[in-house]
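This is work.pdb. It holds PDB, C-alpha atoms, pLDDT in the B column.
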ATOM      1  CA  MET A   1     132.870  75.379 133.685  1.00 44.00           C
ATOM      2  CA  SER A   2     134.044  74.735 137.225  1.00 43.00           C
ATOM      3  CA  ARG A   3     132.808  77.234 139.770  1.00 50.00           C
ATOM      4  CA  THR A   4     136.395  77.608 141.021  1.00 60.00           C
ATOM      5  CA  VAL A   5     137.649  78.959 137.689  1.00 64.00           C
ATOM      6  CA  ARG A   6     137.684  82.728 137.586  1.00 87.00           C
ATOM      7  CA  PRO A   7     138.014  84.575 134.275  1.00 95.00           C
ATOM      8  CA  SER A   8     140.199  87.293 135.828  1.00 89.00           C
ATOM      9  CA  GLN A   9     142.706  84.613 136.838  1.00 91.00           C
ATOM     10  CA  MET A  10     142.811  82.657 133.550  1.00 94.00           C
ATOM     11  CA  ASP A  11     145.676  82.797 131.108  1.00 96.00           C
ATOM     12  CA  ARG A  12     144.955  84.170 127.647  1.00 97.00           C
ATOM     13  CA  ALA A  13     144.645  80.792 125.905  1.00 97.00           C
ATOM     14  CA  ALA A  14     142.209  79.413 128.496  1.00 96.00           C
ATOM     15  CA  PHE A  15     140.202  82.634 128.518  1.00 97.00           C
ATOM     16  CA  VAL A  16     139.807  82.732 124.737  1.00 97.00           C
ATOM     17  CA  ALA A  17     139.069  78.986 124.626  1.00 96.00           C
ATOM     18  CA  THR A  18     136.338  79.423 127.240  1.00 95.00           C
ATOM     19  CA  PHE A  19     134.802  82.732 126.170  1.00 97.00           C
ATOM     20  CA  GLY A  20     135.809  83.077 122.526  1.00 96.00           C
ATOM     21  CA  GLN A  21     132.453  81.849 121.217  1.00 93.00           C
ATOM     22  CA  VAL A  22     130.260  83.954 123.492  1.00 96.00           C
ATOM     23  CA  PHE A  23     130.066  86.240 120.463  1.00 96.00           C
ATOM     24  CA  GLU A  24     129.305  83.980 117.486  1.00 91.00           C
ATOM     25  CA  HIS A  25     132.456  82.976 115.554  1.00 91.00           C
ATOM     26  CA  SER A  26     134.291  86.017 116.947  1.00 96.00           C
ATOM     27  CA  PRO A  27     137.044  85.028 119.387  1.00 97.00           C
ATOM     28  CA  TRP A  28     138.759  88.346 118.635  1.00 98.00           C
ATOM     29  CA  ILE A  29     136.384  89.998 121.122  1.00 98.00           C
ATOM     30  CA  ALA A  30     137.481  87.771 124.012  1.00 98.00           C
ATOM     31  CA  SER A  31     141.106  88.126 122.958  1.00 98.00           C
ATOM     32  CA  ALA A  32     140.929  91.915 122.887  1.00 98.00           C
ATOM     33  CA  ALA A  33     139.094  92.049 126.227  1.00 98.00           C
ATOM     34  CA  PHE A  34     141.808  89.898 127.786  1.00 98.00           C
ATOM     35  CA  GLU A  35     144.538  92.111 126.294  1.00 97.00           C
ATOM     36  CA  ARG A  36     142.876  95.226 127.749  1.00 97.00           C
ATOM     37  CA  GLY A  37     142.998  93.651 131.188  1.00 95.00           C
ATOM     38  CA  LEU A  38     139.999  92.227 132.976  1.00 94.00           C
ATOM     39  CA  PRO A  39     138.525  94.019 135.966  1.00 89.00           C
ATOM     40  CA  ALA A  40     137.831  92.135 139.212  1.00 83.00           C
ATOM     41  CA  ASP A  41     134.103  92.045 138.458  1.00 93.00           C
ATOM     42  CA  ALA A  42     134.873  90.053 135.297  1.00 94.00           C
ATOM     43  CA  ASP A  43     134.406  86.956 137.435  1.00 94.00           C
ATOM     44  CA  ARG A  44     130.639  87.532 137.307  1.00 95.00           C
ATOM     45  CA  PRO A  45     128.485  87.453 134.180  1.00 95.00           C
ATOM     46  CA  ALA A  46     127.576  91.158 134.264  1.00 96.00           C
ATOM     47  CA  GLY A  47     131.175  92.298 134.777  1.00 96.00           C
ATOM     48  CA  LEU A  48     132.625  90.092 132.072  1.00 97.00           C
ATOM     49  CA  HIS A  49     129.780  91.120 129.777  1.00 97.00           C
ATOM     50  CA  ARG A  50     130.678  94.802 130.266  1.00 97.00           C
ATOM     51  CA  ALA A  51     134.331  94.091 129.439  1.00 97.00           C
ATOM     52  CA  LEU A  52     133.473  92.122 126.291  1.00 98.00           C
ATOM     53  CA  CYS A  53     130.845  94.626 125.128  1.00 98.00           C
ATOM     54  CA  ALA A  54     133.330  97.490 125.536  1.00 98.00           C
ATOM     55  CA  VAL A  55     135.470  95.772 122.893  1.00 98.00           C
ATOM     56  CA  LEU A  56     132.475  95.340 120.602  1.00 98.00           C
ATOM     57  CA  ARG A  57     131.416  98.965 120.996  1.00 98.00           C
ATOM     58  CA  ASP A  58     134.956 100.167 120.239  1.00 98.00           C
ATOM     59  CA  ALA A  59     135.213  97.917 117.179  1.00 98.00           C
ATOM     60  CA  SER A  60     135.204  99.368 113.698  1.00 98.00           C
ATOM     61  CA  PRO A  61     131.962  99.391 111.734  1.00 97.00           C
ATOM     62  CA  GLN A  62     133.495  96.681 109.513  1.00 97.00           C
ATOM     63  CA  GLN A  63     134.217  94.452 112.525  1.00 97.00           C
ATOM     64  CA  GLN A  64     130.711  94.987 113.871  1.00 97.00           C
ATOM     65  CA  ARG A  65     129.231  94.162 110.469  1.00 96.00           C
ATOM     66  CA  ALA A  66     131.361  90.997 110.275  1.00 96.00           C
ATOM     67  CA  LEU A  67     130.025  89.951 113.682  1.00 96.00           C
ATOM     68  CA  ILE A  68     126.451  90.445 112.491  1.00 96.00           C
ATOM     69  CA  GLU A  69     127.216  88.450 109.338  1.00 94.00           C
ATOM     70  CA  ALA A  70     128.689  85.613 111.460  1.00 91.00           C
ATOM     71  CA  HIS A  71     125.258  84.780 112.890  1.00 88.00           C
ATOM     72  CA  PRO A  72     123.057  82.068 111.408  1.00 80.00           C
ATOM     73  CA  ASP A  73     119.517  82.547 110.166  1.00 76.00           C
ATOM     74  CA  LEU A  74     116.820  81.637 112.644  1.00 78.00           C
ATOM     75  CA  ALA A  75     115.373  78.264 111.675  1.00 69.00           C
ATOM     76  CA  GLY A  76     117.413  78.478 108.483  1.00 67.00           C
ATOM     77  CA  ARG A  77     119.287  76.008 106.332  1.00 64.00           C
ATOM     78  CA  LEU A  78     122.258  75.703 108.734  1.00 49.00           C
ATOM     79  CA  ALA A  79     119.878  74.629 111.488  1.00 56.00           C
ATOM     80  CA  ARG A  80     118.215  72.087 109.194  1.00 61.00           C
ATOM     81  CA  ALA A  81     121.644  70.761 108.203  1.00 48.00           C
ATOM     82  CA  GLY A  82     122.772  70.520 111.835  1.00 60.00           C
ATOM     83  CA  ARG A  83     125.574  73.044 111.255  1.00 56.00           C
ATOM     84  CA  LEU A  84     124.879  75.593 113.996  1.00 59.00           C
ATOM     85  CA  THR A  85     127.263  76.175 116.883  1.00 73.00           C
ATOM     86  CA  ALA A  86     126.268  74.229 119.976  1.00 78.00           C
ATOM     87  CA  ASP A  87     125.060  77.431 121.652  1.00 80.00           C
ATOM     88  CA  SER A  88     122.967  78.539 118.666  1.00 76.00           C
ATOM     89  CA  SER A  89     121.486  75.083 118.293  1.00 76.00           C
ATOM     90  CA  LYS A  90     120.497  74.953 121.966  1.00 85.00           C
ATOM     91  CA  GLU A  91     119.038  78.469 121.881  1.00 77.00           C
ATOM     92  CA  GLN A  92     116.995  77.864 118.737  1.00 79.00           C
ATOM     93  CA  ALA A  93     115.768  74.498 120.038  1.00 78.00           C
ATOM     94  CA  GLY A  94     114.766  76.128 123.327  1.00 82.00           C
ATOM     95  CA  ALA A  95     112.504  78.480 121.384  1.00 81.00           C
ATOM     96  CA  GLY A  96     110.990  75.574 119.461  1.00 84.00           C
ATOM     97  CA  LEU A  97     112.622  76.533 116.161  1.00 82.00           C
ATOM     98  CA  ASP A  98     113.744  72.942 115.651  1.00 82.00           C
ATOM     99  CA  ARG A  99     110.118  71.787 115.711  1.00 86.00           C
ATOM    100  CA  LEU A 100     108.431  73.985 113.125  1.00 87.00           C
ATOM    101  CA  THR A 101     105.426  72.952 111.112  1.00 91.00           C
ATOM    102  CA  ASP A 102     105.775  73.166 107.329  1.00 91.00           C
ATOM    103  CA  GLN A 103     103.773  76.401 107.417  1.00 94.00           C
ATOM    104  CA  GLU A 104     105.978  77.912 110.153  1.00 91.00           C
ATOM    105  CA  ARG A 105     109.145  76.839 108.319  1.00 89.00           C
ATOM    106  CA  ALA A 106     107.874  78.519 105.152  1.00 92.00           C
ATOM    107  CA  ARG A 107     107.062  81.710 107.109  1.00 94.00           C
ATOM    108  CA  PHE A 108     110.516  81.812 108.723  1.00 91.00           C
ATOM    109  CA  GLY A 109     112.091  81.154 105.327  1.00 91.00           C
ATOM    110  CA  ALA A 110     110.166  83.991 103.690  1.00 94.00           C
ATOM    111  CA  LEU A 111     111.033  86.384 106.518  1.00 95.00           C
ATOM    112  CA  ASN A 112     114.713  85.369 106.435  1.00 93.00           C
ATOM    113  CA  GLU A 113     114.830  86.060 102.693  1.00 94.00           C
ATOM    114  CA  ALA A 114     113.011  89.392 102.997  1.00 96.00           C
ATOM    115  CA  TYR A 115     115.269  90.481 105.842  1.00 96.00           C
ATOM    116  CA  LYS A 116     118.451  89.523 103.992  1.00 95.00           C
ATOM    117  CA  ALA A 117     117.229  91.258 100.836  1.00 97.00           C
ATOM    118  CA  ARG A 118     116.534  94.441 102.818  1.00 97.00           C
ATOM    119  CA  PHE A 119     119.564  94.504 105.147  1.00 97.00           C
ATOM    120  CA  GLY A 120     122.086  92.095 103.639  1.00 95.00           C
ATOM    121  CA  VAL A 121     122.596  90.198 106.899  1.00 95.00           C
ATOM    122  CA  PRO A 122     120.750  87.563 108.932  1.00 94.00           C
ATOM    123  CA  PHE A 123     118.023  88.551 111.390  1.00 95.00           C
ATOM    124  CA  ILE A 124     119.426  88.346 114.914  1.00 95.00           C
ATOM    125  CA  MET A 125     117.401  87.960 118.050  1.00 95.00           C
ATOM    126  CA  ALA A 126     118.142  86.569 121.493  1.00 95.00           C
ATOM    127  CA  VAL A 127     115.546  83.792 121.349  1.00 93.00           C
ATOM    128  CA  LYS A 128     116.157  82.194 124.732  1.00 93.00           C
ATOM    129  CA  GLY A 129     112.883  82.362 126.645  1.00 92.00           C
ATOM    130  CA  ARG A 130     110.942  83.569 123.591  1.00 94.00           C
ATOM    131  CA  SER A 131     108.105  81.851 121.792  1.00 93.00           C
ATOM    132  CA  LYS A 132     107.853  81.310 118.043  1.00 92.00           C
ATOM    133  CA  ALA A 133     105.058  83.891 117.946  1.00 93.00           C
ATOM    134  CA  GLU A 134     107.215  86.493 119.731  1.00 95.00           C
ATOM    135  CA  ILE A 135     110.093  85.831 117.344  1.00 94.00           C
ATOM    136  CA  LEU A 136     107.872  86.126 114.273  1.00 94.00           C
ATOM    137  CA  ALA A 137     106.356  89.377 115.576  1.00 96.00           C
ATOM    138  CA  ALA A 138     109.806  90.856 116.170  1.00 96.00           C
ATOM    139  CA  PHE A 139     110.902  89.728 112.711  1.00 94.00           C
ATOM    140  CA  GLU A 140     107.949  91.494 111.091  1.00 95.00           C
ATOM    141  CA  ARG A 141     108.300  94.627 113.229  1.00 97.00           C
ATOM    142  CA  ARG A 142     112.041  94.976 112.596  1.00 97.00           C
ATOM    143  CA  LEU A 143     111.655  94.575 108.827  1.00 97.00           C
ATOM    144  CA  ALA A 144     110.159  98.086 108.897  1.00 97.00           C
ATOM    145  CA  ASN A 145     113.340  99.593 110.411  1.00 97.00           C
ATOM    146  CA  ASP A 146     115.811 101.650 108.444  1.00 97.00           C
ATOM    147  CA  THR A 147     119.308 100.178 108.065  1.00 96.00           C
ATOM    148  CA  ALA A 148     120.969 102.186 110.856  1.00 96.00           C
ATOM    149  CA  THR A 149     118.192 101.382 113.341  1.00 97.00           C
ATOM    150  CA  GLU A 150     118.291  97.715 112.439  1.00 96.00           C
ATOM    151  CA  GLU A 151     122.065  97.507 112.748  1.00 96.00           C
ATOM    152  CA  ARG A 152     121.798  98.954 116.276  1.00 97.00           C
ATOM    153  CA  ALA A 153     119.007  96.475 117.068  1.00 97.00           C
ATOM    154  CA  ALA A 154     121.121  93.571 115.810  1.00 97.00           C
ATOM    155  CA  LEU A 155     124.094  94.639 117.948  1.00 98.00           C
ATOM    156  CA  GLU A 156     121.832  95.021 120.994  1.00 98.00           C
ATOM    157  CA  GLN A 157     120.505  91.503 120.411  1.00 97.00           C
ATOM    158  CA  ILE A 158     124.060  90.175 120.016  1.00 97.00           C
ATOM    159  CA  GLU A 159     124.975  91.727 123.355  1.00 98.00           C
ATOM    160  CA  ARG A 160     121.878  90.122 124.916  1.00 97.00           C
ATOM    161  CA  ILE A 161     122.829  86.721 123.469  1.00 96.00           C
ATOM    162  CA  ALA A 162     126.326  87.130 124.913  1.00 97.00           C
ATOM    163  CA  LEU A 163     124.958  87.942 128.378  1.00 97.00           C
ATOM    164  CA  LEU A 164     122.674  84.902 128.335  1.00 96.00           C
ATOM    165  CA  ARG A 165     125.609  82.692 127.311  1.00 94.00           C
ATOM    166  CA  LEU A 166     127.813  84.146 130.047  1.00 96.00           C
ATOM    167  CA  GLN A 167     125.085  83.490 132.613  1.00 94.00           C
ATOM    168  CA  ASP A 168     125.203  79.830 131.546  1.00 91.00           C
ATOM    169  CA  LEU A 169     129.005  79.718 131.873  1.00 91.00           C
ATOM    170  CA  LEU A 170     129.625  81.636 135.108  1.00 91.00           C
ATOM    171  CA  PRO A 171     128.157  81.569 138.585  1.00 75.00           C
ATOM    172  CA  SER A 172     126.282  84.739 139.538  1.00 71.00           C
TER     173      SER A 172
END
Please lay out the structure from this file as structure tokens.
Amino acid sequence: MSRTVRPSQMDRAAFVATFGQVFEHSPWIASAAFERGLPADADRPAGLHRALCAVLRDASPQQQRALIEAHPDLAGRLARAGRLTADSSKEQAGAGLDRLTDQERARFGALNEAYKARFGVPFIMAVKGRSKAEILAAFERRLANDTATEERAALEQIERIALLRLQDLLPS
């Protein structure tokens, strides 16, 4: 994105086109943030992040659940089939999840299945800057959470992912 473009000065279509995928497959968040009116600090990652997260936090439990469900498994079948969003693909590759050994792939697969069986949704973690070992440890630790705790953890991770994506899109 050009450094001269400012989110607070964009029209709705351009804003949603640019920021609609900051939250995975959920352009409704960018649309609602735009409709609420963007504050002046929305031209910086932290300010825009606050505006977008306010929409997420005000969303219904069903909308929040749908957002969680919109995320792909880490190192899962969509990644192997090349069907991740560009952002997800880049983030997972940056953490080395595109270069797993057979043993690591089996471990991620088993954890993905256990997590989905327990919580009914994919495991979500902001993996940018994380190692495979850190991701696996978080996976194992979070499997012990109760459903409410894990849903909060997933939403916190989604917000973290969004901030990291905004930092890539906007100048500080």
For the interface of segment 106-152 of chain A with segment 156-171 of chain A (cut-off 7 Å, counting only C-alpha atoms), please tabulate each contacting residue of segment 106-152 of chain A alongside its nearest pair of atoms and their separation in Å to one decimal, rows sorted by chain and increasing number, as a Markdown table.
| residue | atom | partner | partner_atom | distance |
| --- | --- | --- | --- | --- |
| A:Ile124 | CA | A:Gln157 | CA | 6.4 |
| A:Met125 | CA | A:Gln157 | CA | 5.3 |
| A:Ala126 | CA | A:Ile161 | CA | 5.1 |
| A:Arg152 | CA | A:Glu156 | CA | 6.1 |
Ile135 of chain A: which residues within 12 Å, counting all atoms listed in the file, same-chain residues fewer than 3 positions away excluded, as a PyMOL selection string? chain A and resi 74-75+92+95-97+104+107-108+111-112+123-132+138-142
Residue by residue, what does the PyMOL selection byres ((chain A and resi 23) around 10) grab here? Present the result as a list of chain:residue names. A:Phe19, A:Gly20, A:Gln21, A:Val22, A:Glu24, A:His25, A:Ser26, A:Pro27, A:Trp28, A:Ile29, A:Ala30, A:Leu52, A:Cys53, A:Leu56, A:Leu67, A:Ile68, A:Ala70, A:His71, A:Ile158, A:Glu159, A:Ile161, A:Ala162, A:Leu163, A:Arg165
Export, as a PDB file, in the frame of the given file, the selected residues with C-alpha atoms.
ATOM      1  CA  PHE A  19     134.802  82.732 126.170  1.00 97.00           C
ATOM      2  CA  GLY A  20     135.809  83.077 122.526  1.00 96.00           C
ATOM      3  CA  GLN A  21     132.453  81.849 121.217  1.00 93.00           C
ATOM      4  CA  VAL A  22     130.260  83.954 123.492  1.00 96.00           C
ATOM      5  CA  GLU A  24     129.305  83.980 117.486  1.00 91.00           C
ATOM      6  CA  HIS A  25     132.456  82.976 115.554  1.00 91.00           C
ATOM      7  CA  SER A  26     134.291  86.017 116.947  1.00 96.00           C
ATOM      8  CA  PRO A  27     137.044  85.028 119.387  1.00 97.00           C
ATOM      9  CA  TRP A  28     138.759  88.346 118.635  1.00 98.00           C
ATOM     10  CA  ILE A  29     136.384  89.998 121.122  1.00 98.00           C
ATOM     11  CA  ALA A  30     137.481  87.771 124.012  1.00 98.00           C
ATOM     12  CA  LEU A  52     133.473  92.122 126.291  1.00 98.00           C
ATOM     13  CA  CYS A  53     130.845  94.626 125.128  1.00 98.00           C
ATOM     14  CA  LEU A  56     132.475  95.340 120.602  1.00 98.00           C
ATOM     15  CA  LEU A  67     130.025  89.951 113.682  1.00 96.00           C
ATOM     16  CA  ILE A  68     126.451  90.445 112.491  1.00 96.00           C
ATOM     17  CA  ALA A  70     128.689  85.613 111.460  1.00 91.00           C
ATOM     18  CA  HIS A  71     125.258  84.780 112.890  1.00 88.00           C
ATOM     19  CA  ILE A 158     124.060  90.175 120.016  1.00 97.00           C
ATOM     20  CA  GLU A 159     124.975  91.727 123.355  1.00 98.00           C
ATOM     21  CA  ILE A 161     122.829  86.721 123.469  1.00 96.00           C
ATOM     22  CA  ALA A 162     126.326  87.130 124.913  1.00 97.00           C
ATOM     23  CA  LEU A 163     124.958  87.942 128.378  1.00 97.00           C
ATOM     24  CA  ARG A 165     125.609  82.692 127.311  1.00 94.00           C
TER      25      ARG A 165
END
If you count all atoms listed in the file, which residues fall within 10 Å of segment 144-148 of chain A, apart from same-chain ones fewer than 5 positions away, as a list of chain:residue names?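 Contacts, in chain order: A:Tyr115, A:Arg118, A:Phe119, A:Gly120, A:Phe139, A:Ala153, A:Ala154.
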Figure out the distance between atom CA of Ser8 of chain A and atom CA of Ala42 of chain A, please, to one decimal in Å.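 Interatomic distance, atom CA of Ala42 of chain A to atom CA of Ser8 of chain A: 6.0 Å.
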Rounded to one decimal in Å, what is the spacing between atom CA of Ala137 of chain A and atom CA of Ala110 of chain A?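 These two atoms are separated by 13.6 Å.
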Go through A:Pro72, A:Ser31, A:Gln62, A:Val55 one by one, measure the shortest atom-to-atom distance of each to Ser88 of chain A using all atoms listed in the file, and give the residue with the smallest value. A:Pro72
What box, with edges along x, y and z, holds each listed atom of segment 158-165 of chain A when 4 Å is added on every side, and can you state its centre and edge lengths in Å to one decimal, as lines of an AutoDock Vina configuration file?
center_x = 124.1
center_y = 87.2
center_z = 124.2
size_x = 12.4
size_y = 17.0
size_z = 16.4
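For the choices A:Ala13, A:Leu143, A:Leu136, A:Ala59, the atom-to-atom distance to Lys116 of chain A is smallest for A:Leu143 when using all atoms listed in the file.
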